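Participant: As input, take start-v6.pdb (PDB, C-alpha atoms):
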MODEL        1
ATOM      1  CA  MET A   1     -16.661  -9.476  12.186
ATOM      2  CA  ASP A   2     -16.245  -5.871  13.258
ATOM      3  CA  TYR A   3     -12.618  -5.038  12.472
ATOM      4  CA  ASN A   4     -11.714  -1.372  12.003
ATOM      5  CA  LYS A   5      -7.957  -1.481  11.378
ATOM      6  CA  PRO A   6      -6.349  -1.450   7.917
ATOM      7  CA  LEU A   7      -6.281  -4.806   6.161
ATOM      8  CA  PRO A   8      -3.762  -6.189   3.664
ATOM      9  CA  THR A   9      -4.602  -6.333  -0.017
ATOM     10  CA  PRO A  10      -3.149  -9.521  -1.484
ATOM     11  CA  THR A  11      -1.360  -9.403  -4.827
ATOM     12  CA  PRO A  12      -0.885 -12.385  -7.155
ATOM     13  CA  GLU A  13       2.582 -12.901  -5.624
ATOM     14  CA  THR A  14       1.351 -12.761  -2.010
ATOM     15  CA  GLN A  15      -1.995 -14.575  -2.368
ATOM     16  CA  PRO A  16      -0.548 -18.011  -1.386
ATOM     17  CA  PHE A  17       0.812 -16.432   1.827
ATOM     18  CA  TRP A  18      -2.637 -15.058   2.758
ATOM     19  CA  ASP A  19      -4.389 -18.276   1.696
ATOM     20  CA  GLY A  20      -2.051 -20.199   3.979
ATOM     21  CA  LEU A  21      -2.818 -17.940   6.923
ATOM     22  CA  LYS A  22      -6.552 -18.399   6.317
ATOM     23  CA  ALA A  23      -5.892 -22.162   6.601
ATOM     24  CA  HIS A  24      -3.820 -21.486   9.768
ATOM     25  CA  GLU A  25      -0.558 -22.298   8.020
ATOM     26  CA  LEU A  26       2.387 -19.910   7.876
ATOM     27  CA  ARG A  27       3.982 -20.201   4.428
ATOM     28  CA  VAL A  28       7.419 -19.050   3.278
ATOM     29  CA  MET A  29       9.112 -19.150  -0.115
ATOM     30  CA  HIS A  30      11.895 -21.605  -0.773
ATOM     31  CA  CYS A  31      14.435 -21.778  -3.594
ATOM     32  CA  MET A  32      14.894 -25.304  -4.889
ATOM     33  CA  ASN A  33      18.139 -24.270  -6.608
ATOM     34  CA  CYS A  34      20.161 -22.919  -3.651
ATOM     35  CA  ASP A  35      18.000 -24.036  -0.682
ATOM     36  CA  HIS A  36      17.395 -20.432   0.498
ATOM     37  CA  THR A  37      14.146 -19.721   2.367
ATOM     38  CA  TYR A  38      12.813 -16.185   2.228
ATOM     39  CA  LEU A  39      10.058 -13.648   2.719
ATOM     40  CA  TYR A  40       8.681 -11.293   1.261
ATOM     41  CA  PRO A  41       7.194 -13.328  -1.599
ATOM     42  CA  ARG A  42       8.699 -12.903  -5.054
ATOM     43  CA  PRO A  43       9.036 -15.242  -8.018
ATOM     44  CA  TYR A  44      12.864 -15.132  -8.084
ATOM     45  CA  CYS A  45      15.219 -16.161  -5.315
ATOM     46  CA  PRO A  46      16.939 -13.066  -3.865
ATOM     47  CA  LYS A  47      20.130 -15.078  -3.287
ATOM     48  CA  CYS A  48      20.746 -16.859  -6.611
ATOM     49  CA  PHE A  49      18.011 -15.324  -8.841
ATOM     50  CA  SER A  50      16.610 -18.723  -9.762
ATOM     51  CA  ASP A  51      12.958 -18.984 -10.726
ATOM     52  CA  LYS A  52      12.808 -22.518  -9.278
ATOM     53  CA  THR A  53      10.884 -21.470  -6.174
ATOM     54  CA  GLU A  54       7.997 -22.900  -4.200
ATOM     55  CA  TRP A  55       5.861 -22.182  -1.171
ATOM     56  CA  ARG A  56       6.518 -24.282   1.927
ATOM     57  CA  ALA A  57       4.782 -24.498   5.274
ATOM     58  CA  ALA A  58       6.885 -23.017   8.057
ATOM     59  CA  SER A  59       6.964 -24.421  11.570
ATOM     60  CA  GLY A  60       5.484 -21.255  13.057
ATOM     61  CA  ARG A  61       8.299 -21.152  15.578
ATOM     62  CA  GLY A  62      10.772 -18.312  15.810
ATOM     63  CA  SER A  63      12.521 -15.904  18.117
ATOM     64  CA  LEU A  64      12.282 -12.230  18.943
ATOM     65  CA  HIS A  65      14.862 -10.401  16.823
ATOM     66  CA  THR A  66      13.873  -6.885  17.923
ATOM     67  CA  TYR A  67      10.795  -4.971  18.999
ATOM     68  CA  MET A  68       9.211  -1.600  19.681
ATOM     69  CA  ILE A  69       6.510  -0.777  22.190
ATOM     70  CA  ASN A  70       4.092   1.653  20.579
ATOM     71  CA  HIS A  71       2.525   4.083  23.051
ATOM     72  CA  ARG A  72       1.064   6.416  20.402
ATOM     73  CA  PRO A  73      -1.129   4.438  18.026
ATOM     74  CA  PRO A  74      -2.050   5.882  14.631
ATOM     75  CA  SER A  75      -5.770   5.862  15.448
ATOM     76  CA  PRO A  76      -8.166   4.977  18.266
ATOM     77  CA  ALA A  77      -8.622   1.520  16.666
ATOM     78  CA  TRP A  78      -5.380   0.406  18.360
ATOM     79  CA  GLU A  79      -5.200  -0.047  22.093
ATOM     80  CA  ALA A  80      -1.863   1.250  23.338
ATOM     81  CA  PRO A  81       0.609   0.156  24.354
ATOM     82  CA  TYR A  82       1.243  -2.763  22.005
ATOM     83  CA  VAL A  83       4.334  -4.549  20.747
ATOM     84  CA  ILE A  84       5.527  -4.399  17.148
ATOM     85  CA  ALA A  85       8.089  -7.142  16.645
ATOM     86  CA  ILE A  86      10.505  -8.476  14.077
ATOM     87  CA  VAL A  87      10.326 -12.246  14.414
ATOM     88  CA  GLU A  88      13.098 -14.426  13.050
ATOM     89  CA  LEU A  89      11.479 -17.644  11.919
ATOM     90  CA  GLU A  90      13.133 -20.995  12.597
ATOM     91  CA  GLU A  91      13.512 -21.339   8.813
ATOM     92  CA  GLY A  92      15.527 -18.087   8.616
ATOM     93  CA  PRO A  93      13.317 -15.305   7.233
ATOM     94  CA  ARG A  94      12.182 -12.416   9.401
ATOM     95  CA  LEU A  95       8.755 -10.865   9.413
ATOM     96  CA  MET A  96       7.079  -7.989  11.196
ATOM     97  CA  SER A  97       4.148  -8.822  13.419
ATOM     98  CA  ASN A  98       2.616  -8.091  16.796
ATOM     99  CA  LEU A  99       3.260  -9.920  20.047
ATOM    100  CA  VAL A 100       0.247 -11.064  22.046
ATOM    101  CA  ASP A 101      -0.253 -12.738  25.425
ATOM    102  CA  ILE A 102       2.705 -10.857  26.918
ATOM    103  CA  ALA A 103       3.008  -7.532  28.713
ATOM    104  CA  PRO A 104       4.389  -4.657  26.615
ATOM    105  CA  ASP A 105       7.220  -4.234  29.104
ATOM    106  CA  PRO A 106      10.965  -4.209  28.347
ATOM    107  CA  ASN A 107      11.550  -6.133  31.593
ATOM    108  CA  VAL A 108       9.499  -9.014  30.177
ATOM    109  CA  LEU A 109      10.413  -8.876  26.474
ATOM    110  CA  LYS A 110      13.765 -10.546  25.859
ATOM    111  CA  ILE A 111      15.681 -10.589  22.595
ATOM    112  CA  ASP A 112      15.939 -14.175  21.259
ATOM    113  CA  MET A 113      12.992 -15.337  23.386
ATOM    114  CA  PRO A 114      11.191 -18.233  21.684
ATOM    115  CA  LEU A 115       7.905 -17.380  19.966
ATOM    116  CA  GLN A 116       5.067 -19.295  18.347
ATOM    117  CA  VAL A 117       2.668 -18.057  15.683
ATOM    118  CA  VAL A 118      -1.014 -17.597  16.514
ATOM    119  CA  TYR A 119      -3.615 -16.989  13.844
ATOM    120  CA  ASP A 120      -5.934 -14.024  14.295
ATOM    121  CA  ASP A 121      -9.020 -14.436  12.097
ATOM    122  CA  VAL A 122      -9.822 -10.713  11.920
ATOM    123  CA  THR A 123     -12.475 -11.071   9.189
ATOM    124  CA  ASP A 124     -14.058 -13.903   7.256
ATOM    125  CA  GLN A 125     -11.484 -13.303   4.496
ATOM    126  CA  VAL A 126      -8.329 -12.213   6.376
ATOM    127  CA  THR A 127      -6.195 -13.950   8.983
ATOM    128  CA  LEU A 128      -3.166 -12.187  10.428
ATOM    129  CA  PRO A 129      -0.106 -13.892  11.911
ATOM    130  CA  LYS A 130       0.729 -12.779  15.427
ATOM    131  CA  PHE A 131       3.197 -14.278  17.858
ATOM    132  CA  ARG A 132       3.149 -15.243  21.521
ATOM    133  CA  PRO A 133       5.823 -16.595  23.835
ATOM    134  CA  ALA A 134       6.444 -20.283  23.185
TER     135      ALA A 134
ENDMDL
END
As a first step, turn the structure in this file into structure tokens.

Facilitator:
Amino acid sequence: MDYNKPLPTPTPETQPFWDGLKAHELRVMHCMNCDHTYLYPRPYCPKCFSDKTEWRAASGRGSLHTYMINHRPPSPAWEAPYVIAIVELEEGPRLMSNLVDIAPDPNVLKIDMPLQVVYDDVTDQVTLPKFRPA
């Protein structure tokens, strides 16, 4: 595929996250000691510091926590305007992503609006999570 935007470089800690996206599954980390679910990936729970953690499939549902409409993209590869969003997943963690299938208009974008993940296969190796209205 012809994709000219920067791509993530997985690390050993984040590889299961990217592998999940490639399989069209959004994965989050979960602490088996205190039941805390979190992102970004790390081997120790940020709440209780336990190393009893595992990857779990998330529902892919969430809500719009906050957003920004970018009118000045960093390069011509981006088509402005576009929405950069912080999505609060149903499981609790928040992640930054882009909103798709919705106008980049503050009259349309509503805080707490329900969202659903969509998987953007940008290359043969990389899939990015984006969100659309549910």

Participant: Find the residues around Leu7 (chain A) up to 8 Å (only C-alpha atoms counted), leave out those fewer than 2 positions away in its own chain, and share them as a PDB file with C-alpha atoms, keeping the file's coordinate frame.

Facilitator:
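Result saved to selection.pdb:
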ATOM      1  CA  LYS A   5      -7.957  -1.481  11.378  1.00  0.00           C
ATOM      2  CA  THR A   9      -4.602  -6.333  -0.017  1.00  0.00           C
ATOM      3  CA  VAL A 126      -8.329 -12.213   6.376  1.00  0.00           C
TER       4      VAL A 126
END

Participant: Applied to the shown file, which residues does the PyMOL selection byres ((chain A and resi 91) around 7) return, written as a ChimeraX atom specification?

Facilitator: /A:37,58,89-90,92-93

Participant: Could you spell out the hits of the PyMOL selection byres ((chain A and resi 34) around 10) on the shown file, as a list in words?

Facilitator: His30, Cys31, Met32, Asn33, Asp35, His36, Thr37, Cys45, Lys47, Cys48, Phe49, Ser50, Lys52 and Thr53 of chain A

Participant: Which value, in Å to one decimal, gives the distance between CA of Asp2 (chain A) and CA of Ser75 (chain A)?

Facilitator: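 Separation of CA of Asp2 (chain A) and CA of Ser75 (chain A): 15.9 Å.
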
Participant: Just how far from CA of Leu95 (chain A) is CA of Gly20 (chain A), in Å to one decimal?

Facilitator: 15.3 Å

Participant: Within 9 Å of Ile84 (chain A), counting all atoms listed in the file, which residues qualify if same-chain residues fewer than 5 places away don't, as a VMD selection string?

Facilitator: chain A and resid 66 to 70 96 to 99

Participant: Store the residues of this selection in a file with C-alpha atoms, as a compact mmCIF listing (two decimals), keeping the file's coordinate frame.

Facilitator:
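Output file result.txt follows:
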# COMPACT_ATOMS: atom_id res chain seq x y z
CA THR A 66 13.87 -6.88 17.92
CA TYR A 67 10.80 -4.97 19.00
CA MET A 68 9.21 -1.60 19.68
CA ILE A 69 6.51 -0.78 22.19
CA ASN A 70 4.09 1.65 20.58
CA MET A 96 7.08 -7.99 11.20
CA SER A 97 4.15 -8.82 13.42
CA ASN A 98 2.62 -8.09 16.80
CA LEU A 99 3.26 -9.92 20.05

Participant: For Lys130 (chain A), which residue out of A:His24, A:His71, A:Lys110, A:His65 is the nearest one, using all atoms listed in the file?

Facilitator: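 Of A:His24, A:His71, A:Lys110, A:His65, the one nearest Lys130 (chain A) is A:His24, counting all atoms listed in the file.
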
Participant: When distances are computed from all atoms listed in the file, which of A:Val83, A:Val117, A:Tyr40, A:Val122 shows the smallest separation from Asn4 (chain A)?

Facilitator: A:Val122

Participant: Please expand the PyMOL selection byres ((chain A and resi 60) around 9) into the concrete residues it hits in this file, giving the result as a PyMOL selection string.

Facilitator: chain A and resi 25-27+57-59+61-62+89-90+115-118+131

Participant: Would you write out those residues with C-alpha atoms, as a PDB file, in the coordinates of the input?

Facilitator:
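For reference, out.pdb as written:
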ATOM      1  CA  GLU A  25      -0.558 -22.298   8.020  1.00  0.00           C
ATOM      2  CA  LEU A  26       2.387 -19.910   7.876  1.00  0.00           C
ATOM      3  CA  ARG A  27       3.982 -20.201   4.428  1.00  0.00           C
ATOM      4  CA  ALA A  57       4.782 -24.498   5.274  1.00  0.00           C
ATOM      5  CA  ALA A  58       6.885 -23.017   8.057  1.00  0.00           C
ATOM      6  CA  SER A  59       6.964 -24.421  11.570  1.00  0.00           C
ATOM      7  CA  ARG A  61       8.299 -21.152  15.578  1.00  0.00           C
ATOM      8  CA  GLY A  62      10.772 -18.312  15.810  1.00  0.00           C
ATOM      9  CA  LEU A  89      11.479 -17.644  11.919  1.00  0.00           C
ATOM     10  CA  GLU A  90      13.133 -20.995  12.597  1.00  0.00           C
ATOM     11  CA  LEU A 115       7.905 -17.380  19.966  1.00  0.00           C
ATOM     12  CA  GLN A 116       5.067 -19.295  18.347  1.00  0.00           C
ATOM     13  CA  VAL A 117       2.668 -18.057  15.683  1.00  0.00           C
ATOM     14  CA  VAL A 118      -1.014 -17.597  16.514  1.00  0.00           C
ATOM     15  CA  PHE A 131       3.197 -14.278  17.858  1.00  0.00           C
TER      16      PHE A 131
END

Participant: Measuring atom to atom with only C-alpha atoms, identify which of A:Lys22, A:Arg132, A:Arg72, A:Arg94 is nearest to Met113 (chain A).

Facilitator: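 Looking only at the distances to Met113 (chain A), the closest residue turns out to be A:Arg132.
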
Participant: Taking only C-alpha atoms into account, which of A:Tyr82, A:Trp55, A:Tyr38, A:Trp18 comes nearest Leu109 (chain A)?

Facilitator: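 When distances to Leu109 (chain A) are compared using only C-alpha atoms, the smallest one comes from A:Tyr82.
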
Participant: Would you pick out the contacts of Ala23 (chain A) at 12 Å or less, using all atoms listed in the file, so that residues sharing its chain but fewer than 6 positions from it are not included, and give the list as a PyMOL selection string?

Facilitator: chain A and resi 16-17+57+118-121+124-129

Participant: Taking the structure I provided as the source, export region 101-116 of chain A with all heavy atoms, as an mmCIF file, in the first residue's frame.

Facilitator:
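And here's part_9.cif as it stands now:
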data_model
loop_
_atom_site.group_PDB
_atom_site.id
_atom_site.type_symbol
_atom_site.label_atom_id
_atom_site.label_comp_id
_atom_site.auth_asym_id
_atom_site.auth_seq_id
_atom_site.Cartn_x
_atom_site.Cartn_y
_atom_site.Cartn_z
ATOM 1 N N ASP A 101 -15.474 9.197 9.628
ATOM 2 C CA ASP A 101 -16.902 9.101 9.308
ATOM 3 C C ASP A 101 -17.745 10.101 10.077
ATOM 4 O O ASP A 101 -18.907 9.837 10.421
ATOM 5 C CB ASP A 101 -17.443 7.680 9.553
ATOM 6 C CG ASP A 101 -16.736 6.635 8.714
ATOM 7 O OD1 ASP A 101 -16.229 6.994 7.630
ATOM 8 O OD2 ASP A 101 -16.678 5.473 9.141
ATOM 9 N N ILE A 102 -17.151 11.267 10.371
ATOM 10 C CA ILE A 102 -17.873 12.349 11.048
ATOM 11 C C ILE A 102 -17.211 13.666 10.640
ATOM 12 O O ILE A 102 -15.993 13.719 10.455
ATOM 13 C CB ILE A 102 -17.888 12.172 12.588
ATOM 14 C CG1 ILE A 102 -18.833 13.178 13.234
ATOM 15 C CG2 ILE A 102 -16.483 12.219 13.163
ATOM 16 C CD1 ILE A 102 -19.167 12.887 14.688
ATOM 17 N N ALA A 103 -18.018 14.689 10.492
ATOM 18 C CA ALA A 103 -17.489 15.999 10.099
ATOM 19 C C ALA A 103 -16.618 16.575 11.206
ATOM 20 O O ALA A 103 -16.961 16.470 12.390
ATOM 21 C CB ALA A 103 -18.643 16.951 9.788
ATOM 22 N N PRO A 104 -15.499 17.193 10.853
ATOM 23 C CA PRO A 104 -14.659 17.861 11.860
ATOM 24 C C PRO A 104 -15.271 19.213 12.236
ATOM 25 O O PRO A 104 -14.777 20.273 11.886
ATOM 26 C CB PRO A 104 -13.310 18.010 11.154
ATOM 27 C CG PRO A 104 -13.645 18.043 9.702
ATOM 28 C CD PRO A 104 -14.889 17.217 9.536
ATOM 29 N N ASP A 105 -16.378 19.153 12.940
ATOM 30 C CA ASP A 105 -17.182 20.331 13.246
ATOM 31 C C ASP A 105 -17.611 20.275 14.704
ATOM 32 O O ASP A 105 -18.245 19.305 15.130
ATOM 33 C CB ASP A 105 -18.405 20.327 12.317
ATOM 34 C CG ASP A 105 -19.352 21.477 12.542
ATOM 35 O OD1 ASP A 105 -19.232 22.215 13.543
ATOM 36 O OD2 ASP A 105 -20.267 21.630 11.703
ATOM 37 N N PRO A 106 -17.298 21.303 15.491
ATOM 38 C CA PRO A 106 -17.682 21.296 16.909
ATOM 39 C C PRO A 106 -19.186 21.199 17.139
ATOM 40 O O PRO A 106 -19.627 20.798 18.213
ATOM 41 C CB PRO A 106 -17.159 22.631 17.448
ATOM 42 C CG PRO A 106 -16.261 23.168 16.422
ATOM 43 C CD PRO A 106 -16.561 22.495 15.125
ATOM 44 N N ASN A 107 -19.994 21.548 16.137
ATOM 45 C CA ASN A 107 -21.446 21.421 16.276
ATOM 46 C C ASN A 107 -21.906 19.969 16.153
ATOM 47 O O ASN A 107 -23.026 19.643 16.532
ATOM 48 C CB ASN A 107 -22.166 22.283 15.229
ATOM 49 C CG ASN A 107 -21.909 23.752 15.461
ATOM 50 O OD1 ASN A 107 -22.008 24.230 16.593
ATOM 51 N ND2 ASN A 107 -21.558 24.466 14.405
ATOM 52 N N VAL A 108 -21.035 19.116 15.642
ATOM 53 C CA VAL A 108 -21.361 17.704 15.443
ATOM 54 C C VAL A 108 -20.678 16.834 16.501
ATOM 55 O O VAL A 108 -21.252 15.858 16.974
ATOM 56 C CB VAL A 108 -20.936 17.259 14.025
ATOM 57 C CG1 VAL A 108 -21.165 15.778 13.821
ATOM 58 C CG2 VAL A 108 -21.651 18.076 12.965
ATOM 59 N N LEU A 109 -19.469 17.201 16.876
ATOM 60 C CA LEU A 109 -18.685 16.428 17.847
ATOM 61 C C LEU A 109 -19.163 16.748 19.261
ATOM 62 O O LEU A 109 -19.139 17.904 19.672
ATOM 63 C CB LEU A 109 -17.201 16.763 17.707
ATOM 64 C CG LEU A 109 -16.602 16.461 16.338
ATOM 65 C CD1 LEU A 109 -15.271 17.167 16.175
ATOM 66 C CD2 LEU A 109 -16.448 14.965 16.162
ATOM 67 N N LYS A 110 -19.595 15.747 19.967
ATOM 68 C CA LYS A 110 -20.129 15.937 21.322
ATOM 69 C C LYS A 110 -19.334 15.119 22.325
ATOM 70 O O LYS A 110 -19.132 13.911 22.125
ATOM 71 C CB LYS A 110 -21.609 15.529 21.384
ATOM 72 C CG LYS A 110 -22.500 16.270 20.407
ATOM 73 C CD LYS A 110 -22.534 17.757 20.700
ATOM 74 C CE LYS A 110 -23.437 18.471 19.693
ATOM 75 N NZ LYS A 110 -23.212 19.905 19.683
ATOM 76 N N ILE A 111 -18.888 15.771 23.381
ATOM 77 C CA ILE A 111 -18.189 15.061 24.452
ATOM 78 C C ILE A 111 -19.113 13.963 24.991
ATOM 79 O O ILE A 111 -20.316 14.166 25.145
ATOM 80 C CB ILE A 111 -17.774 16.040 25.578
ATOM 81 C CG1 ILE A 111 -16.829 17.108 25.039
ATOM 82 C CG2 ILE A 111 -17.153 15.291 26.760
ATOM 83 C CD1 ILE A 111 -15.541 16.596 24.424
ATOM 84 N N ASP A 112 -18.541 12.796 25.254
ATOM 85 C CA ASP A 112 -19.241 11.604 25.736
ATOM 86 C C ASP A 112 -20.041 10.884 24.649
ATOM 87 O O ASP A 112 -20.729 9.904 24.957
ATOM 88 C CB ASP A 112 -20.153 11.894 26.936
ATOM 89 C CG ASP A 112 -19.364 12.282 28.170
ATOM 90 O OD1 ASP A 112 -18.228 11.789 28.338
ATOM 91 O OD2 ASP A 112 -19.883 13.084 28.973
ATOM 92 N N MET A 113 -19.951 11.337 23.388
ATOM 93 C CA MET A 113 -20.673 10.614 22.340
ATOM 94 C C MET A 113 -20.090 9.217 22.205
ATOM 95 O O MET A 113 -18.886 9.019 22.361
ATOM 96 C CB MET A 113 -20.630 11.362 21.000
ATOM 97 C CG MET A 113 -19.281 11.403 20.327
ATOM 98 S SD MET A 113 -19.226 12.432 18.829
ATOM 99 C CE MET A 113 -20.301 11.521 17.778
ATOM 100 N N PRO A 114 -20.938 8.209 21.978
ATOM 101 C CA PRO A 114 -20.448 6.840 21.857
ATOM 102 C C PRO A 114 -19.657 6.641 20.566
ATOM 103 O O PRO A 114 -20.016 7.170 19.506
ATOM 104 C CB PRO A 114 -21.715 5.990 21.876
ATOM 105 C CG PRO A 114 -22.836 6.916 21.586
ATOM 106 C CD PRO A 114 -22.392 8.302 21.898
ATOM 107 N N LEU A 115 -18.566 5.883 20.681
ATOM 108 C CA LEU A 115 -17.673 5.611 19.561
ATOM 109 C C LEU A 115 -17.422 4.111 19.447
ATOM 110 O O LEU A 115 -17.563 3.378 20.421
ATOM 111 C CB LEU A 115 -16.341 6.344 19.744
ATOM 112 C CG LEU A 115 -16.401 7.859 19.881
ATOM 113 C CD1 LEU A 115 -15.033 8.409 20.264
ATOM 114 C CD2 LEU A 115 -16.904 8.501 18.602
ATOM 115 N N GLN A 116 -16.999 3.704 18.260
ATOM 116 C CA GLN A 116 -16.659 2.318 17.988
ATOM 117 C C GLN A 116 -15.359 2.303 17.195
ATOM 118 O O GLN A 116 -15.177 3.098 16.288
ATOM 119 C CB GLN A 116 -17.774 1.644 17.182
ATOM 120 C CG GLN A 116 -17.501 0.209 16.798
ATOM 121 C CD GLN A 116 -17.472 -0.730 17.989
ATOM 122 O OE1 GLN A 116 -18.304 -0.660 18.882
ATOM 123 N NE2 GLN A 116 -16.495 -1.617 18.019
#
